[in-house]
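Participant: So that you have it, the file is final_24.cif, and it contains mmCIF, C-alpha atoms and all ligand atoms:
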data_input
loop_
_atom_site.label_atom_id
_atom_site.label_comp_id
_atom_site.auth_asym_id
_atom_site.auth_seq_id
_atom_site.Cartn_x
_atom_site.Cartn_y
_atom_site.Cartn_z
CA MET A 724 8.98 11.79 -28.48
CA PRO A 725 5.54 10.47 -27.49
CA PRO A 726 5.62 7.67 -24.89
CA SER A 727 5.54 4.12 -26.20
CA THR A 728 2.06 3.15 -25.04
CA THR A 729 -0.68 1.65 -27.17
CA PRO A 730 -2.68 4.61 -28.47
CA THR A 731 -6.28 5.01 -27.35
CA GLY A 732 -8.54 8.06 -27.47
CA VAL A 733 -7.73 10.84 -29.91
CA SER A 734 -4.42 9.43 -31.17
CA ALA A 735 -6.11 6.07 -31.89
CA ILE A 736 -8.83 7.84 -33.90
CA LEU A 737 -6.28 9.89 -35.86
CA SER A 738 -3.94 6.99 -36.57
CA ALA A 739 -6.91 4.83 -37.69
CA SER A 740 -8.14 7.58 -40.03
CA SER A 741 -4.71 7.83 -41.68
CA SER A 742 -4.43 4.06 -42.17
CA SER A 743 -6.39 1.50 -44.15
CA SER A 744 -8.51 0.70 -41.07
CA SER A 745 -10.27 4.08 -41.34
CA SER A 746 -13.58 2.32 -41.79
CA SER A 747 -13.42 0.59 -38.34
CA THR A 748 -16.46 1.02 -36.10
CA PRO A 749 -16.10 3.67 -33.39
CA THR A 750 -15.78 2.18 -29.92
CA ARG A 751 -15.94 3.74 -26.47
CA SER A 752 -12.65 3.21 -24.63
CA ALA A 753 -13.07 5.61 -21.68
CA LEU A 754 -15.47 3.65 -19.46
CA SER A 755 -13.85 0.29 -20.16
CA LEU A 756 -10.59 1.70 -18.70
CA PHE A 757 -12.08 1.08 -15.26
CA ALA A 758 -12.87 -2.58 -15.91
CA LEU A 759 -10.70 -5.28 -14.34
CA PRO A 760 -11.25 -8.22 -16.70
CA SER A 761 -9.73 -11.37 -15.22
CA ARG A 762 -7.31 -9.37 -13.06
CA VAL A 763 -6.32 -10.98 -9.77
CA ALA A 764 -6.41 -8.85 -6.63
CA ILE A 765 -5.47 -9.37 -3.00
CA ILE A 766 -6.99 -7.12 -0.35
CA THR A 767 -6.07 -7.27 3.33
CA GLY A 768 -8.61 -6.45 6.03
CA ALA A 769 -11.31 -7.43 3.54
CA HIS A 770 -13.50 -9.45 5.87
CA ARG A 771 -15.53 -6.29 6.46
CA GLY A 772 -15.45 -2.49 6.26
CA ILE A 773 -13.55 -0.61 3.57
CA GLY A 774 -11.68 -3.73 2.43
CA LEU A 775 -14.84 -5.73 1.73
CA GLU A 776 -16.44 -2.77 -0.05
CA ILE A 777 -13.44 -2.46 -2.37
CA ALA A 778 -13.41 -6.24 -2.89
CA LEU A 779 -17.02 -6.06 -4.07
CA ALA A 780 -16.22 -3.18 -6.43
CA TYR A 781 -13.25 -5.02 -7.95
CA ALA A 782 -15.26 -8.23 -8.39
CA GLU A 783 -18.09 -6.26 -10.05
CA ALA A 784 -15.46 -4.88 -12.41
CA GLY A 785 -14.46 -8.44 -13.34
CA ALA A 786 -11.59 -9.26 -10.97
CA ILE A 787 -10.85 -12.41 -8.99
CA VAL A 788 -10.45 -10.99 -5.50
CA TYR A 789 -8.81 -12.67 -2.52
CA CYS A 790 -10.09 -11.19 0.72
CA LEU A 791 -7.40 -11.71 3.36
CA ASP A 792 -8.09 -11.15 7.04
CA LEU A 793 -7.49 -12.44 10.57
CA PRO A 794 -10.51 -14.76 11.09
CA GLU A 795 -9.81 -18.36 10.05
CA LYS A 796 -13.21 -18.52 8.32
CA PRO A 797 -15.38 -15.71 6.96
CA ASP A 798 -18.64 -14.87 8.74
CA GLY A 799 -22.18 -14.89 7.35
CA ASP A 800 -22.05 -11.29 6.11
CA TRP A 801 -18.94 -11.94 4.03
CA VAL A 802 -20.56 -15.09 2.60
CA LYS A 803 -23.63 -13.04 1.59
CA VAL A 804 -21.42 -10.64 -0.35
CA ARG A 805 -19.58 -13.54 -2.01
CA ASP A 806 -22.90 -15.11 -3.03
CA TYR A 807 -24.13 -11.76 -4.39
CA VAL A 808 -21.04 -11.55 -6.59
CA ALA A 809 -21.54 -15.13 -7.74
CA ALA A 810 -25.10 -14.28 -8.82
CA LEU A 811 -24.08 -11.21 -10.87
CA PRO A 812 -24.56 -11.48 -14.62
CA PRO A 813 -21.22 -11.69 -16.47
CA LEU A 814 -19.56 -8.39 -17.36
CA SER A 815 -19.58 -7.78 -21.07
CA MET A 816 -16.71 -5.66 -22.36
CA ALA A 817 -18.70 -5.34 -25.56
CA SER A 818 -21.46 -3.51 -23.75
CA LEU A 819 -18.91 -1.13 -22.17
CA THR A 820 -17.20 -0.32 -25.45
CA GLY A 821 -20.26 -0.37 -27.70
CA GLN A 822 -18.68 -3.06 -29.85
CA ASN A 823 -20.49 -6.06 -31.27
CA ALA A 824 -20.14 -9.14 -29.10
CA ASP A 825 -19.12 -11.20 -32.16
CA ASP A 826 -15.99 -9.13 -32.94
CA GLY A 827 -13.75 -11.18 -30.65
CA LYS A 828 -13.79 -8.53 -27.90
CA GLY A 829 -17.18 -9.55 -26.66
CA LYS A 830 -15.78 -12.04 -24.12
CA GLU A 831 -17.90 -12.16 -21.01
CA ILE A 832 -16.09 -11.77 -17.71
CA LYS A 833 -17.04 -13.03 -14.29
CA GLY A 834 -15.44 -11.77 -11.10
CA ARG A 835 -15.43 -13.76 -7.87
CA LEU A 836 -14.55 -13.45 -4.21
CA GLU A 837 -12.30 -15.87 -2.36
CA TYR A 838 -11.32 -15.79 1.31
CA ALA A 839 -8.10 -16.71 3.11
CA HIS A 840 -6.80 -16.18 6.63
CA CYS A 841 -3.80 -13.92 7.01
CA ASP A 842 -1.94 -11.98 9.65
CA VAL A 843 -0.21 -9.09 7.93
CA THR A 844 2.44 -8.89 10.66
CA ASN A 845 3.89 -12.27 9.64
CA GLN A 846 6.15 -11.50 6.69
CA GLN A 847 6.99 -15.08 5.67
CA ALA A 848 3.35 -16.18 5.95
CA MET A 849 2.33 -13.24 3.72
CA PHE A 850 4.98 -14.20 1.16
CA ASN A 851 3.80 -17.83 1.20
CA LEU A 852 0.13 -16.86 0.86
CA ALA A 853 0.73 -14.50 -2.07
CA ALA A 854 2.88 -17.15 -3.76
CA ARG A 855 0.09 -19.74 -3.34
CA ILE A 856 -2.52 -17.36 -4.81
CA ALA A 857 -0.29 -16.37 -7.72
CA GLU A 858 0.49 -20.02 -8.41
CA LYS A 859 -3.20 -20.96 -8.40
CA GLU A 860 -4.48 -17.99 -10.45
CA GLY A 861 -1.38 -17.54 -12.59
CA ARG A 862 -0.86 -13.91 -11.51
CA ILE A 863 -1.44 -11.08 -9.07
CA ASP A 864 -2.25 -7.71 -10.68
CA ILE A 865 -3.61 -5.67 -7.79
CA CYS A 866 -2.70 -5.38 -4.12
CA PHE A 867 -4.80 -3.31 -1.76
CA ALA A 868 -2.88 -3.14 1.54
CA ASN A 869 -5.73 -2.07 3.75
CA ALA A 870 -5.65 -3.93 7.08
CA GLY A 871 -5.24 -1.53 9.95
CA ILE A 872 -6.07 -1.01 13.60
CA LEU A 873 -6.87 2.06 15.66
CA SER A 874 -6.77 2.61 19.39
CA GLY A 875 -5.90 5.57 21.53
CA ALA A 876 -4.32 6.62 24.80
CA GLU A 877 -3.12 9.92 26.17
CA VAL A 878 0.35 10.40 24.82
CA LEU A 879 2.32 10.77 28.07
CA ASP A 880 0.92 7.46 29.27
CA TYR A 881 0.81 5.66 25.91
CA PRO A 882 1.59 2.01 26.76
CA GLY A 883 4.62 0.84 24.82
CA GLU A 884 3.07 -2.49 23.86
CA ASP A 885 -0.03 -0.76 22.41
CA PHE A 886 2.15 1.65 20.44
CA LYS A 887 4.25 -1.23 19.05
CA LYS A 888 1.12 -3.20 18.09
CA ILE A 889 -0.25 -0.32 15.98
CA ILE A 890 3.11 0.20 14.34
CA ASP A 891 3.39 -3.54 13.67
CA VAL A 892 0.01 -3.93 11.98
CA ASN A 893 -0.26 -0.55 10.24
CA ILE A 894 3.33 -0.10 9.06
CA ASN A 895 5.09 -3.47 9.04
CA GLY A 896 1.91 -5.21 7.90
CA ALA A 897 1.42 -2.76 5.04
CA LEU A 898 5.00 -3.28 3.91
CA PHE A 899 4.85 -7.09 4.15
CA THR A 900 1.61 -7.11 2.11
CA ALA A 901 3.07 -4.91 -0.61
CA GLN A 902 6.29 -6.94 -0.68
CA ALA A 903 4.36 -10.20 -0.93
CA ALA A 904 2.33 -9.02 -3.92
CA GLY A 905 5.17 -7.04 -5.51
CA ARG A 906 7.43 -10.11 -5.57
CA GLU A 907 4.80 -12.12 -7.47
CA MET A 908 4.19 -9.22 -9.89
CA ALA A 909 7.91 -8.74 -10.52
CA LYS A 910 8.49 -12.48 -10.99
CA ARG A 911 5.89 -12.51 -13.79
CA ASN A 912 6.74 -9.09 -15.23
CA ILE A 913 3.21 -7.86 -14.46
CA ALA A 914 2.57 -4.11 -14.56
CA GLY A 915 0.71 -4.30 -11.27
CA SER A 916 -0.85 -1.73 -8.99
CA ILE A 917 -0.28 -1.54 -5.23
CA ILE A 918 -2.56 0.68 -3.21
CA PHE A 919 -2.23 1.49 0.48
CA THR A 920 -5.06 2.65 2.68
CA ALA A 921 -3.33 5.42 4.60
CA SER A 922 -5.56 8.03 6.24
CA MET A 923 -6.10 11.75 6.55
CA SER A 924 -4.52 11.10 9.97
CA GLY A 925 -1.19 10.69 8.19
CA SER A 926 -1.23 14.36 7.22
CA ILE A 927 -3.38 16.06 9.84
CA THR A 928 -4.01 15.48 13.53
CA ASN A 929 -7.49 14.37 14.53
CA TYR A 930 -8.57 17.19 16.77
CA GLY A 931 -9.40 16.03 20.31
CA MET A 932 -8.39 12.40 19.75
CA HIS A 933 -5.45 10.65 21.46
CA TRP A 934 -4.22 8.90 18.35
CA THR A 935 -0.47 9.58 18.30
CA ALA A 936 0.39 5.99 17.39
CA TYR A 937 -2.22 5.74 14.63
CA ASN A 938 -1.36 9.14 13.15
CA THR A 939 2.35 8.29 13.19
CA SER A 940 1.70 4.96 11.50
CA LYS A 941 -0.38 6.48 8.69
CA ALA A 942 2.21 9.19 8.00
CA ALA A 943 4.69 6.34 7.54
CA VAL A 944 2.35 4.56 5.13
CA ILE A 945 2.10 7.67 2.94
CA GLN A 946 5.88 7.93 2.75
CA MET A 947 6.21 4.16 2.25
CA ALA A 948 3.97 4.38 -0.81
CA ARG A 949 6.09 7.15 -2.37
CA SER A 950 9.26 5.27 -1.63
CA LEU A 951 7.98 2.01 -3.12
CA ALA A 952 6.68 3.90 -6.17
CA CYS A 953 10.23 5.05 -6.93
CA GLU A 954 11.80 1.64 -6.31
CA LEU A 955 9.20 -0.35 -8.22
CA GLY A 956 8.59 2.04 -11.13
CA PRO A 957 11.40 0.45 -13.18
CA LYS A 958 9.59 -2.89 -12.73
CA ARG A 959 6.38 -1.25 -14.12
CA ILE A 960 4.64 -1.58 -10.74
CA ARG A 961 2.65 1.47 -9.65
CA VAL A 962 2.20 2.35 -5.98
CA ASN A 963 -0.24 4.91 -4.58
CA SER A 964 -1.96 5.63 -1.28
CA ILE A 965 -5.43 6.87 -0.46
CA SER A 966 -6.28 8.84 2.66
CA PRO A 967 -9.94 8.75 3.55
CA GLY A 968 -11.49 11.11 6.07
CA TYR A 969 -13.84 9.72 8.74
CA ILE A 970 -15.65 6.72 7.22
CA TYR A 971 -18.48 4.99 9.05
CA THR A 972 -17.17 1.45 9.75
CA GLU A 973 -16.73 -0.81 12.80
CA MET A 974 -13.44 1.01 13.42
CA THR A 975 -15.05 4.42 13.85
CA LYS A 976 -18.36 3.15 15.27
CA SER A 977 -16.54 1.96 18.39
CA PHE A 978 -15.42 5.54 19.09
CA LEU A 979 -18.78 7.13 18.30
CA GLN A 980 -20.97 4.80 20.33
CA ASN A 981 -23.11 6.87 22.71
CA LYS A 982 -21.14 10.03 21.85
CA PRO A 983 -23.44 12.21 19.70
CA ASP A 984 -21.30 15.28 20.40
CA LEU A 985 -18.21 13.57 19.03
CA GLU A 986 -20.05 12.59 15.86
CA LYS A 987 -21.25 16.19 15.45
CA SER A 988 -17.69 17.44 15.92
CA TRP A 989 -16.27 15.00 13.33
CA CYS A 990 -18.96 16.01 10.84
CA ALA A 991 -18.32 19.71 11.47
CA GLN A 992 -14.61 19.25 10.69
CA ASN A 993 -15.45 18.00 7.19
CA PRO A 994 -16.26 20.42 4.35
CA LEU A 995 -19.26 18.24 3.39
CA GLY A 996 -20.47 18.25 7.00
CA ARG A 997 -20.84 14.48 7.32
CA LEU A 998 -19.01 11.17 7.65
CA GLY A 999 -18.24 9.11 4.56
CA ASN A 1000 -19.57 5.67 3.70
CA PRO A 1001 -17.19 2.88 2.64
CA ASP A 1002 -18.87 2.60 -0.78
CA GLU A 1003 -17.83 6.18 -1.52
CA LEU A 1004 -14.24 4.94 -1.83
CA ARG A 1005 -15.06 2.59 -4.71
CA GLY A 1006 -14.35 5.18 -7.41
CA VAL A 1007 -10.84 6.04 -6.30
CA ALA A 1008 -10.02 2.40 -5.59
CA LEU A 1009 -11.13 1.38 -9.10
CA PHE A 1010 -9.24 4.27 -10.64
CA LEU A 1011 -5.98 3.31 -8.96
CA ALA A 1012 -6.29 -0.43 -9.65
CA SER A 1013 -7.24 -0.15 -13.29
CA ASP A 1014 -5.91 1.08 -16.63
CA ALA A 1015 -7.60 4.41 -15.87
CA SER A 1016 -4.46 5.36 -13.90
CA THR A 1017 -1.55 3.92 -15.92
CA PHE A 1018 0.52 7.12 -15.47
CA CYS A 1019 -0.33 7.60 -11.79
CA THR A 1020 2.24 6.46 -9.26
CA GLY A 1021 3.65 7.86 -6.02
CA SER A 1022 0.42 9.77 -5.50
CA GLU A 1023 -1.31 10.28 -2.19
P1 LIG B 1 -12.29 -2.27 10.11
O1 LIG B 1 -13.73 -2.38 9.78
O2 LIG B 1 -11.86 -2.38 11.52
O3 LIG B 1 -11.48 -3.29 9.19
C1 LIG B 1 -10.13 -3.54 9.38
C2 LIG B 1 -9.89 -5.01 9.12
O4 LIG B 1 -8.47 -5.25 9.23
C3 LIG B 1 -10.60 -5.91 10.10
O5 LIG B 1 -11.31 -6.92 9.42
C4 LIG B 1 -9.47 -6.47 10.94
O6 LIG B 1 -9.69 -7.79 11.42
C5 LIG B 1 -8.33 -6.49 9.92
N1 LIG B 1 -7.05 -6.66 10.59
C6 LIG B 1 -6.63 -6.11 11.75
N2 LIG B 1 -5.40 -6.56 12.07
C7 LIG B 1 -5.04 -7.42 11.09
C8 LIG B 1 -3.89 -8.23 10.86
N3 LIG B 1 -2.86 -8.27 11.72
N4 LIG B 1 -3.85 -9.00 9.73
C9 LIG B 1 -4.88 -9.00 8.87
N5 LIG B 1 -6.00 -8.27 9.04
C10 LIG B 1 -6.07 -7.49 10.13
O7 LIG B 1 -11.73 -0.84 9.64
P2 LIG B 1 -11.93 0.03 8.31
O8 LIG B 1 -12.53 1.31 8.75
O9 LIG B 1 -12.55 -0.75 7.21
O10 LIG B 1 -10.39 0.33 7.99
C11 LIG B 1 -9.68 -0.20 6.88
C12 LIG B 1 -8.44 0.65 6.68
O11 LIG B 1 -8.83 2.00 6.42
C13 LIG B 1 -7.53 0.71 7.90
O12 LIG B 1 -6.18 0.69 7.50
C14 LIG B 1 -7.85 2.07 8.51
O13 LIG B 1 -6.79 2.59 9.27
C15 LIG B 1 -8.11 2.87 7.26
N6 LIG B 1 -8.92 4.09 7.43
C16 LIG B 1 -10.15 4.02 8.01
C17 LIG B 1 -10.88 5.20 8.16
C18 LIG B 1 -12.22 5.19 8.80
O14 LIG B 1 -12.70 6.29 9.15
N7 LIG B 1 -12.89 4.06 8.99
C19 LIG B 1 -10.37 6.40 7.70
C20 LIG B 1 -9.12 6.43 7.10
C21 LIG B 1 -8.39 5.27 6.97
P3 LIG B 1 -10.30 -8.00 12.90
O15 LIG B 1 -11.62 -7.34 12.92
O16 LIG B 1 -10.42 -9.49 13.03
O17 LIG B 1 -9.36 -7.36 13.86
#
What would the structure in this file look like if it were written as structure tokens?
Ligand code: NAP

Facilitator:
Amino acid sequence: MPPSTTPTGVSAILSASSSSSSSSTPTRSALSLFALPSRVAIITGAHRGIGLEIALAYAEAGAIVYCLDLPEKPDGDWVKVRDYVAALPPLSMASLTGQNADDGKGKEIKGRLEYAHCDVTNQQAMFNLAARIAEKEGRIDICFANAGILSGAEVLDYPGEDFKKIIDVNINGALFTAQAAGREMAKRNIAGSIIFTASMSGSITNYGMHWTAYNTSKAAVIQMARSLACELGPKRIRVNSISPGYIYTEMTKSFLQNKPDLEKSWCAQNPLGRLGNPDELRGVALFLASDASTFCTGSE
């Protein structure tokens, strides 16, 4: 038996041709799969770096995006990105699908960025914040659990407090974020998407780095995503993780400062021979958040 989803693509063409609507105008459905019209997203660690880059991509695709991060107020760079989004022309689904704007599907969509303080290690505060956002916007469709920290120390001397801090932010914080959004999705029966930023460090060991705590935390995030995917699948909530290689952000810059040999070594360990830029993660982040990945869950 075919699955009970609304047909698009080939089956839509064939069922239209065998029904009275065979004269309907052809429309492109593939590119519009990646659009996020009026979807509501929360992204942690989105004051800068990978989180802010993904926030921009989601807002360009039409979403209302809440950037959640530690600072009480966003800085000037974040405000510039918000203002850029506000100045974007509306997204026209008609132009993506090739349909006429007057056929009822030509609604123009405008994404926007909002900012709120959060500390992902505070479970109740995360629940309250997600509830407030869902109440205000009527829904949460997308959760990008991205906040994370990285520091290192030689393993035999690894200070316990530093180890616990990394575990708290990277593991507990990721769980509390996903729980907070998942509860609001489940309450409203929304087929949402939860995405974790794990890391290649969850599957490999960064050669020459003293990152036992970080690597351990990211391995846990990968397994957490699979586990949540199985528990939340029956509620129609998808959960996936992404594991970037070395990306040039404040997090990695602090390690590379004045260490040209280290940068060379990191580049040499990558098949493309270079570091990645945060904007190069937009494609996968859009794929996982949107209807382009409706049968993708539990994937790393
Ligand atoms: P980043 O520029 O340092 O951004 C991380 C953000 O998370 C910061 O804005 C930070 O705020 C915030 N944050 C830290 N602790 C928090 C907490 N308790 N509650 C809420 N927000 C908190 O780093 P990034 O490179 O964009 O990293 C984003 C994610 O990608 C992390 O999970 C990281 O592990 C992962 N990742 C990064 C790379 C890479 O090469 N850059 C590769 C693979 C995976 P403050 O600045 O105020 O502390």

Participant: Report as a Markdown table the residues of chain A within 8 Å of ligand LIG 1 (chain B), each with its shortest atom pair and distance in Å (one decimal), using only C-alpha atoms and all ligand atoms, ordered by chain and increasing residue number.

Facilitator:
| residue | atom | partner | partner_atom | distance |
| --- | --- | --- | --- | --- |
| A:Thr767 | CA | B:LIG1 | N5 | 5.8 |
| A:Gly768 | CA | B:LIG1 | O4 | 3.4 |
| A:Ala769 | CA | B:LIG1 | O5 | 5.9 |
| A:His770 | CA | B:LIG1 | O5 | 4.9 |
| A:Arg771 | CA | B:LIG1 | O5 | 5.2 |
| A:Gly772 | CA | B:LIG1 | O9 | 3.5 |
| A:Ile773 | CA | B:LIG1 | O9 | 3.8 |
| A:Gly774 | CA | B:LIG1 | O9 | 5.7 |
| A:Leu775 | CA | B:LIG1 | O9 | 7.8 |
| A:Leu791 | CA | B:LIG1 | C9 | 6.6 |
| A:Asp792 | CA | B:LIG1 | N5 | 4.1 |
| A:Leu793 | CA | B:LIG1 | C9 | 4.6 |
| A:Pro794 | CA | B:LIG1 | O16 | 5.6 |
| A:His840 | CA | B:LIG1 | C9 | 7.8 |
| A:Cys841 | CA | B:LIG1 | C9 | 5.4 |
| A:Asp842 | CA | B:LIG1 | N4 | 3.5 |
| A:Val843 | CA | B:LIG1 | N4 | 4.1 |
| A:Thr844 | CA | B:LIG1 | N3 | 5.4 |
| A:Ala868 | CA | B:LIG1 | O12 | 7.8 |
| A:Asn869 | CA | B:LIG1 | O12 | 4.7 |
| A:Ala870 | CA | B:LIG1 | O4 | 3.8 |
| A:Gly871 | CA | B:LIG1 | O12 | 3.4 |
| A:Ile872 | CA | B:LIG1 | C6 | 5.5 |
| A:Leu873 | CA | B:LIG1 | O13 | 6.4 |
| A:Val892 | CA | B:LIG1 | N3 | 5.2 |
| A:Asn893 | CA | B:LIG1 | O12 | 6.6 |
| A:Gly896 | CA | B:LIG1 | N3 | 6.8 |
| A:Thr920 | CA | B:LIG1 | O12 | 5.3 |
| A:Ala921 | CA | B:LIG1 | C21 | 5.6 |
| A:Ser922 | CA | B:LIG1 | C20 | 4.0 |
| A:Met923 | CA | B:LIG1 | C20 | 6.1 |
| A:Ser924 | CA | B:LIG1 | C20 | 7.2 |
| A:Tyr937 | CA | B:LIG1 | O13 | 7.7 |
| A:Lys941 | CA | B:LIG1 | O13 | 7.5 |
| A:Ser966 | CA | B:LIG1 | C20 | 5.8 |
| A:Pro967 | CA | B:LIG1 | C20 | 4.3 |
| A:Gly968 | CA | B:LIG1 | C19 | 5.1 |
| A:Tyr969 | CA | B:LIG1 | O14 | 3.6 |
| A:Ile970 | CA | B:LIG1 | O14 | 3.6 |
| A:Tyr971 | CA | B:LIG1 | N7 | 5.7 |
| A:Thr972 | CA | B:LIG1 | O8 | 4.7 |
| A:Glu973 | CA | B:LIG1 | O1 | 4.5 |
| A:Met974 | CA | B:LIG1 | O2 | 4.2 |
| A:Thr975 | CA | B:LIG1 | N7 | 5.3 |
| A:Gly999 | CA | B:LIG1 | O14 | 7.7 |
| A:Pro1001 | CA | B:LIG1 | O9 | 7.5 |

Participant: What's around segment 926-935 of chain A at 8 Å? Count all atoms listed in the file, leave out sequence neighbours fewer than 5 positions away in its own chain, and write the answer as a list in words.

Facilitator: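 What passes the distance filter is Leu873, Ser874, Gly875, Ala876, Glu877, Val878 and Ala942 of chain A.
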
Participant: Go ahead and write the residues just picked, C-alpha atoms, as a PDB file, in the frame of the given file.

Facilitator:
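Contents of the output file result.pdb:
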ATOM      1  CA  LEU A 873      -6.870   2.060  15.660  1.00  0.00           C
ATOM      2  CA  SER A 874      -6.770   2.610  19.390  1.00  0.00           C
ATOM      3  CA  GLY A 875      -5.900   5.570  21.530  1.00  0.00           C
ATOM      4  CA  ALA A 876      -4.320   6.620  24.800  1.00  0.00           C
ATOM      5  CA  GLU A 877      -3.120   9.920  26.170  1.00  0.00           C
ATOM      6  CA  VAL A 878       0.350  10.400  24.820  1.00  0.00           C
ATOM      7  CA  ALA A 942       2.210   9.190   8.000  1.00  0.00           C
TER       8      ALA A 942
END

Participant: List the spatial neighbours of Phe850 of chain A as number ranges by chain - criterion: any atom at most 10 Å away, all atoms listed in the file, same-chain residues fewer than 5 positions off excluded.

Facilitator: A: 843, 845, 855, 899-907

Participant: Pick out the closest residue to Asn963 of chain A from this set: A:Gly996, A:Lys976, A:Gln946, A:Ile918. Count only C-alpha atoms.

Facilitator: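 Residue with the minimum atom-to-atom distance to Asn963 of chain A: A:Ile918.
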
Participant: Between A:Arg961, A:Lys982, A:Lys803, A:Lys888, which is the closest to Phe867 of chain A once you count all atoms listed in the file?

Facilitator: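 Among the listed residues, A:Arg961 lies closest to Phe867 of chain A.
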
Participant: What does the distance from atom CA of Arg959 of chain A to atom CA of Ser1016 of chain A come to in Å, to one decimal?

Facilitator: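 Those two atoms sit 12.7 Å apart.
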
Participant: To one decimal place, how far is atom CA of Leu1004 of chain A from atom CA of Ala952 of chain A in Å?

Facilitator: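 Interatomic distance here is 21.4 Å.
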